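Here's the structure, in structure tokens; my notes come after.
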Amino acid sequence: MAKYLEVENLKTYFKTQEGIVKSVDGISFSIEEGKTLALVGESGCGKTVTSLSMMQLLPKNAILEADKLLINGKDVMKMTDTEKREMRGTDISMIFQEPMTSLNPAYRIEKQLGEVFKLHNPNLSKKEIYEKSLQILSRVGIPNPEERIKAYPHQLSGGLRQRTMIAISLAAQPKLVIADEPTTALDVTIQAQILELLKDLQKEFNMSILLITHDFGVVSEIADEVAVMYAGKIVEQGSLYEVFNDSWHPYTKRLINSIPGIKVNRGERLESIPGTVPNPLRLPEGCRFAPRCEEACEICHKKEPGMTKIGEHLVSCFLKEGQTNE
Ligand SMILES: Nc1ncnc2c1ncn2[C@@H]1O[C@H](COP(=O)(O)OP(=O)(O)O)[C@@H](O)[C@H]1O
Ligand SMILES: [Mg+2]
């Protein structure tokens with residue numbers, strides 16, 4: 001199947017007064033048309049910086065490098081600012097983590113949604129824009145769209161705000177949507193509804209999705225492929241089935257064991273992972289996970305592991321390398 005997004009050796013660093021912050025440090029992945037890749041990892045691993053790199057929405061102090069960054073066959077690294085603006089909305093669009101930071105509090109929903117339609121279809125009349133706006137609001141499950149379209153963001157509940165964000169990001173019918181922790185701020189029932197909605201819309205529009213989350217529970221609901229990220233690197237990657245049921249990396253295993261209700265017997269305590277993600281200004285020598293890894297050996301603290309590949313399943317861990325060499 002055709003690859004919609006291809007990323008090879010992407011690096012996103014930030015120049016700061018304290019030094020170079022290596023937020024994303026050489027990651028590669030791709031997404032096929034109509035498929036979902038979940039990028040999973042704890043807070044601070046570089047997931048949002050990865051999405052902002054795809055969207056070309058990085059601050060001025062960012063240094064972006066990639067051997068390949070193709071969206072819909074177009075080379076993003078060679079685009080002009082105008083081409084980047086045209087790409088956003090139609091080729092790629094993003095649902096942000098916290099809708100209040102990306103919805104403008106000063107404008108009614110009607111204006112914010114209308115602007116997206118106007119930007120991408122300059123010939124639409126006011127009436128057509130209004131009708132399309134109502135249509136998409138109702139498609140994302142907003143009841144009484146005629147009323148809600150007049151609201152300011154703060155007048156909507158968290159769930160409705162998230163749905164409004166989804167409507168705005170889908171208004172130009174993008175072929176790839178990045179959903180950056182789209183359900184983190186929501187309660188469990190609404191989380192499930194939003195994931196269902198994303199899955200339905202994906203089928204309807206044959207969209208690709210890059211789903212970003214720290215929660216493996218969410219991943220199991222929706223992903224085809226999974227990439228596990230730790231301290232700016234991808235440590236394990238493969239199909240949902242392989243990464244979930246046959247995890248190789250100790251970090252992946254620990255993340256899966258911290259999902260409520262999964263692989264935990266009654267009476268056993270949920271494991272959270274002791275320690276914290278290293279500061280990308282001061283990365284440890286060797287494997288970046290080694291300081292927190294119960295299985296780490298001497299070599300893990302000295303050398304960075306490369307990628308071991310078996311079939312389409314990839315892992316960056318000396319333990320697996322050892323096993324495969326035996
Ligand atoms: N503009 C920036 N300047 C310097 N450091 C940044 C900047 N943006 C993000 N970072 C750092 O990059 C790392 C990864 O951040 P982020 O991608 O937001 O993590 P995640 O989304 O996985 O929680 C963090 O340590 C963060 O502090
Ligand atoms: Mg984030």
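So you can find residues: chains in the structure tokens are A, B, ... in the order shown, residues in each start at 1, and ligands are numbered from 1 in order.
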Test item: residues no farther than 9 Å from ligand 1, counting only C-alpha atoms and all ligand atoms, as a compact mmCIF listing (two decimals) with N, CA and C atoms, in the first residue's frame:
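pocket14.txt, written as the output of this step:
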# COMPACT_ATOMS: atom_id res chain seq x y z
N THR A 12 15.21 16.96 15.62
CA THR A 12 14.78 18.31 15.96
C THR A 12 15.48 18.73 17.25
N TYR A 13 16.38 19.68 17.11
CA TYR A 13 17.12 20.20 18.26
C TYR A 13 16.69 21.65 18.49
N PHE A 14 16.90 22.12 19.72
CA PHE A 14 16.65 23.53 20.01
C PHE A 14 17.92 24.17 20.55
N LYS A 15 18.23 25.34 20.00
CA LYS A 15 19.37 26.11 20.54
C LYS A 15 18.87 26.91 21.73
N THR A 16 19.45 26.68 22.90
CA THR A 16 19.05 27.45 24.06
C THR A 16 20.30 27.99 24.75
N ILE A 20 22.41 22.78 23.53
CA ILE A 20 21.55 22.18 22.51
C ILE A 20 20.62 21.16 23.14
N VAL A 21 19.32 21.34 22.97
CA VAL A 21 18.33 20.41 23.50
C VAL A 21 17.96 19.42 22.39
N LYS A 22 18.31 18.14 22.60
CA LYS A 22 18.04 17.14 21.55
C LYS A 22 16.70 16.47 21.79
N SER A 23 15.63 17.16 21.41
CA SER A 23 14.28 16.67 21.72
C SER A 23 13.90 15.47 20.86
N VAL A 24 14.25 15.51 19.58
CA VAL A 24 14.00 14.37 18.69
C VAL A 24 15.33 14.07 18.04
N VAL A 40 3.93 6.34 21.03
CA VAL A 40 3.66 6.23 22.47
C VAL A 40 4.92 6.51 23.28
N GLY A 41 4.74 7.15 24.41
CA GLY A 41 5.87 7.38 25.30
C GLY A 41 5.44 8.31 26.41
N GLU A 42 6.22 8.31 27.51
CA GLU A 42 5.88 9.18 28.63
C GLU A 42 6.03 10.65 28.24
N SER A 43 5.54 11.49 29.12
CA SER A 43 5.65 12.92 28.93
C SER A 43 7.13 13.32 28.85
N GLY A 44 7.45 14.18 27.90
CA GLY A 44 8.83 14.67 27.77
C GLY A 44 9.70 13.84 26.83
N CYS A 45 9.11 12.86 26.15
CA CYS A 45 9.91 11.99 25.26
C CYS A 45 10.13 12.59 23.88
N GLY A 46 9.39 13.64 23.52
CA GLY A 46 9.58 14.27 22.22
C GLY A 46 8.42 14.07 21.25
N LYS A 47 7.28 13.64 21.76
CA LYS A 47 6.14 13.34 20.87
C LYS A 47 5.57 14.61 20.24
N THR A 48 5.36 15.64 21.05
CA THR A 48 4.77 16.87 20.50
C THR A 48 5.76 17.55 19.56
N VAL A 49 7.04 17.54 19.91
CA VAL A 49 8.04 18.14 19.02
C VAL A 49 8.05 17.39 17.68
N THR A 50 7.86 16.07 17.71
CA THR A 50 7.76 15.32 16.46
C THR A 50 6.58 15.82 15.64
N SER A 51 5.41 16.01 16.27
CA SER A 51 4.26 16.48 15.49
C SER A 51 4.46 17.89 14.97
N LEU A 52 5.03 18.76 15.79
CA LEU A 52 5.25 20.12 15.32
C LEU A 52 6.26 20.14 14.17
N LEU A 58 7.57 24.87 14.08
CA LEU A 58 8.57 24.92 15.15
C LEU A 58 8.96 26.37 15.44
N PRO A 59 9.37 26.64 16.69
CA PRO A 59 9.86 28.00 17.00
C PRO A 59 11.18 28.28 16.27
N LYS A 60 11.58 29.54 16.30
CA LYS A 60 12.76 29.99 15.52
C LYS A 60 14.07 29.35 15.96
N ASN A 61 14.17 28.98 17.24
CA ASN A 61 15.44 28.40 17.72
C ASN A 61 15.58 26.91 17.40
N ALA A 62 14.64 26.38 16.60
CA ALA A 62 14.70 24.95 16.28
C ALA A 62 15.65 24.69 15.11
N ASP A 180 -2.71 14.80 18.81
CA ASP A 180 -1.74 14.83 19.91
C ASP A 180 -2.48 14.72 21.24
N GLU A 181 -2.45 13.55 21.82
CA GLU A 181 -3.14 13.25 23.07
C GLU A 181 -4.55 13.85 23.06
N ILE A 212 -0.92 10.35 18.95
CA ILE A 212 0.13 10.54 19.94
C ILE A 212 -0.45 10.36 21.33
N THR A 213 0.17 9.53 22.12
CA THR A 213 -0.40 9.28 23.44
C THR A 213 0.67 8.75 24.40
N HIS A 214 0.41 8.88 25.70
CA HIS A 214 1.30 8.24 26.68
C HIS A 214 0.61 6.98 27.23
N MET A 229 8.43 5.65 21.87
CA MET A 229 9.47 6.68 21.89
C MET A 229 10.00 6.88 23.29
N TYR A 230 11.30 7.00 23.40
CA TYR A 230 11.92 7.29 24.70
C TYR A 230 13.08 8.25 24.52
N ALA A 231 13.02 9.37 25.21
CA ALA A 231 14.10 10.36 25.20
C ALA A 231 14.59 10.69 23.79
N GLY A 232 13.64 10.99 22.91
CA GLY A 232 13.99 11.46 21.57
C GLY A 232 14.28 10.39 20.55
N VAL A 277 12.12 10.54 32.75
CA VAL A 277 12.71 10.69 31.41
C VAL A 277 13.88 11.68 31.52
N PRO A 278 15.06 11.36 30.95
CA PRO A 278 16.19 12.29 31.07
C PRO A 278 15.94 13.61 30.36
N ASN A 279 16.56 14.65 30.88
CA ASN A 279 16.51 15.96 30.26
C ASN A 279 17.30 15.91 28.94
N PRO A 280 16.67 16.32 27.83
CA PRO A 280 17.37 16.22 26.53
C PRO A 280 18.60 17.13 26.42
N LEU A 281 18.85 17.93 27.45
CA LEU A 281 20.08 18.73 27.48
C LEU A 281 21.22 17.90 28.03
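Backbone DSSP of region 31-153 of chain A yields strand (DSSP E or B) at Ile31, Glu32, Thr36, Leu37, Ala38, Leu39, Val40, Ala62, Ile63, Leu64, Glu65, Lys68, Leu69, Leu70, Ile71, Lys74, Asp75, Ile92, Ser93, Met94 and Ile95 of chain A.
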If you run DSSP over the backbone, which residues in region 70-259 of chain A end up helix (DSSP H, G or I)? Put them as JSON, numbers by chain. {"A": [76, 77, 78, 81, 82, 83, 84, 85, 86, 87, 88, 89, 90, 99, 100, 101, 102, 109, 110, 111, 112, 113, 114, 115, 116, 117, 118, 119, 120, 126, 127, 128, 129, 130, 131, 132, 133, 134, 135, 136, 137, 138, 139, 145, 146, 147, 148, 153, 154, 155, 158, 159, 160, 161, 162, 163, 164, 165, 166, 167, 168, 169, 170, 188, 189, 190, 191, 192, 193, 194, 195, 196, 197, 198, 199, 200, 201, 202, 203, 204, 205, 216, 217, 218, 219, 220, 221, 222, 240, 241, 242, 243, 244, 245, 250, 251, 252, 253, 254, 255, 256, 257]}
Among listed residues A:Glu83, A:Glu321, A:Leu37, A:Ile31, nearest Val219 (chain A) (using only C-alpha atoms): A:Leu37
Just the residues within 12 Å of Val188 (chain A), please, counting only C-alpha atoms, with nothing from its chain fewer than 4 positions along; format it as a ChimeraX atom specification. /A:159,183-184,192-195,217-218
Contacts of Lys303 (chain A) at 10 Å or less, counting only C-alpha atoms, minus same-chain residues fewer than 4 places along, as a PyMOL selection string? chain A and resi 285-288+298-299+318
Can I get the selected residues back with C-alpha atoms, as an mmCIF file, in the first residue's frame?
data_model
loop_
_atom_site.group_PDB
_atom_site.id
_atom_site.type_symbol
_atom_site.label_atom_id
_atom_site.label_comp_id
_atom_site.auth_asym_id
_atom_site.auth_seq_id
_atom_site.Cartn_x
_atom_site.Cartn_y
_atom_site.Cartn_z
ATOM 1 C CA GLU A 285 25.747 7.796 27.996
ATOM 2 C CA GLY A 286 24.790 4.490 26.397
ATOM 3 C CA CYS A 287 21.169 3.435 26.146
ATOM 4 C CA ARG A 288 18.989 6.331 27.263
ATOM 5 C CA GLU A 298 27.352 -3.129 31.644
ATOM 6 C CA ILE A 299 27.298 -2.481 27.906
ATOM 7 C CA PHE A 318 21.261 -5.013 23.595
#
Find the spatial neighbours of Met55 (chain A), counting only C-alpha atoms, within a cut-off of 10 Å - ignore same-chain residues fewer than 3 positions away - and output them as a compact mmCIF listing (two decimals) with N, CA and C atoms, in the first residue's frame.
# COMPACT_ATOMS: atom_id res chain seq x y z
N VAL A 49 7.04 17.54 19.91
CA VAL A 49 8.04 18.14 19.02
C VAL A 49 8.05 17.39 17.68
N THR A 50 7.86 16.07 17.71
CA THR A 50 7.76 15.32 16.46
C THR A 50 6.58 15.82 15.64
N SER A 51 5.41 16.01 16.27
CA SER A 51 4.26 16.48 15.49
C SER A 51 4.46 17.89 14.97
N LEU A 52 5.03 18.76 15.79
CA LEU A 52 5.25 20.12 15.32
C LEU A 52 6.26 20.14 14.17
N LEU A 58 7.57 24.87 14.08
CA LEU A 58 8.57 24.92 15.15
C LEU A 58 8.96 26.37 15.44
N ILE A 71 5.52 14.15 2.72
CA ILE A 71 4.10 14.08 3.03
C ILE A 71 3.35 14.10 1.71
N VAL A 76 8.92 18.00 2.21
CA VAL A 76 8.63 19.10 3.11
C VAL A 76 9.88 19.97 3.36
N LYS A 84 4.20 25.46 2.60
CA LYS A 84 3.94 24.88 3.93
C LYS A 84 2.54 25.26 4.41
N ARG A 85 2.17 26.51 4.21
CA ARG A 85 0.83 26.96 4.63
C ARG A 85 -0.25 26.21 3.87
N MET A 87 0.05 23.24 2.61
CA MET A 87 0.07 21.86 3.05
C MET A 87 -0.75 21.66 4.33
N ARG A 88 -0.66 22.65 5.24
CA ARG A 88 -1.37 22.52 6.51
C ARG A 88 -2.87 22.69 6.28
N GLY A 89 -3.64 21.74 6.76
CA GLY A 89 -5.09 21.82 6.56
C GLY A 89 -5.55 20.80 5.55
N ASP A 91 -3.11 18.60 3.32
CA ASP A 91 -2.29 17.38 3.33
C ASP A 91 -2.13 16.84 4.73
N ILE A 92 -2.07 17.75 5.68
CA ILE A 92 -1.82 17.35 7.07
C ILE A 92 -2.50 18.36 7.99
N SER A 93 -3.06 17.86 9.08
CA SER A 93 -3.73 18.75 10.01
C SER A 93 -3.54 18.21 11.42
N MET A 94 -3.71 19.05 12.42
CA MET A 94 -3.38 18.59 13.78
C MET A 94 -4.49 18.91 14.77
N ILE A 178 -2.85 14.51 12.66
CA ILE A 178 -2.05 14.21 13.84
C ILE A 178 -2.93 14.51 15.05
Best match for closeness to ligand 2 among A:Ile95, A:Ala66, A:Met1, A:Leu113, counting only C-alpha atoms and all ligand atoms: A:Ile95
Shell of 10 Å around Tyr107 (chain A), only C-alpha atoms, local chain residues under 6 positions omitted, as a ChimeraX atom specification: /A:150-153
Keeping C-alpha atoms, export the residues of the selection given above as a PDB file, in the first residue's frame.
ATOM      1  CA  LYS A 150     -22.801  30.821  18.043  1.00  0.00           C
ATOM      2  CA  ALA A 151     -20.912  29.895  21.224  1.00  0.00           C
ATOM      3  CA  TYR A 152     -17.502  31.076  22.393  1.00  0.00           C
ATOM      4  CA  PRO A 153     -15.077  28.222  23.265  1.00  0.00           C
TER       5      PRO A 153
END
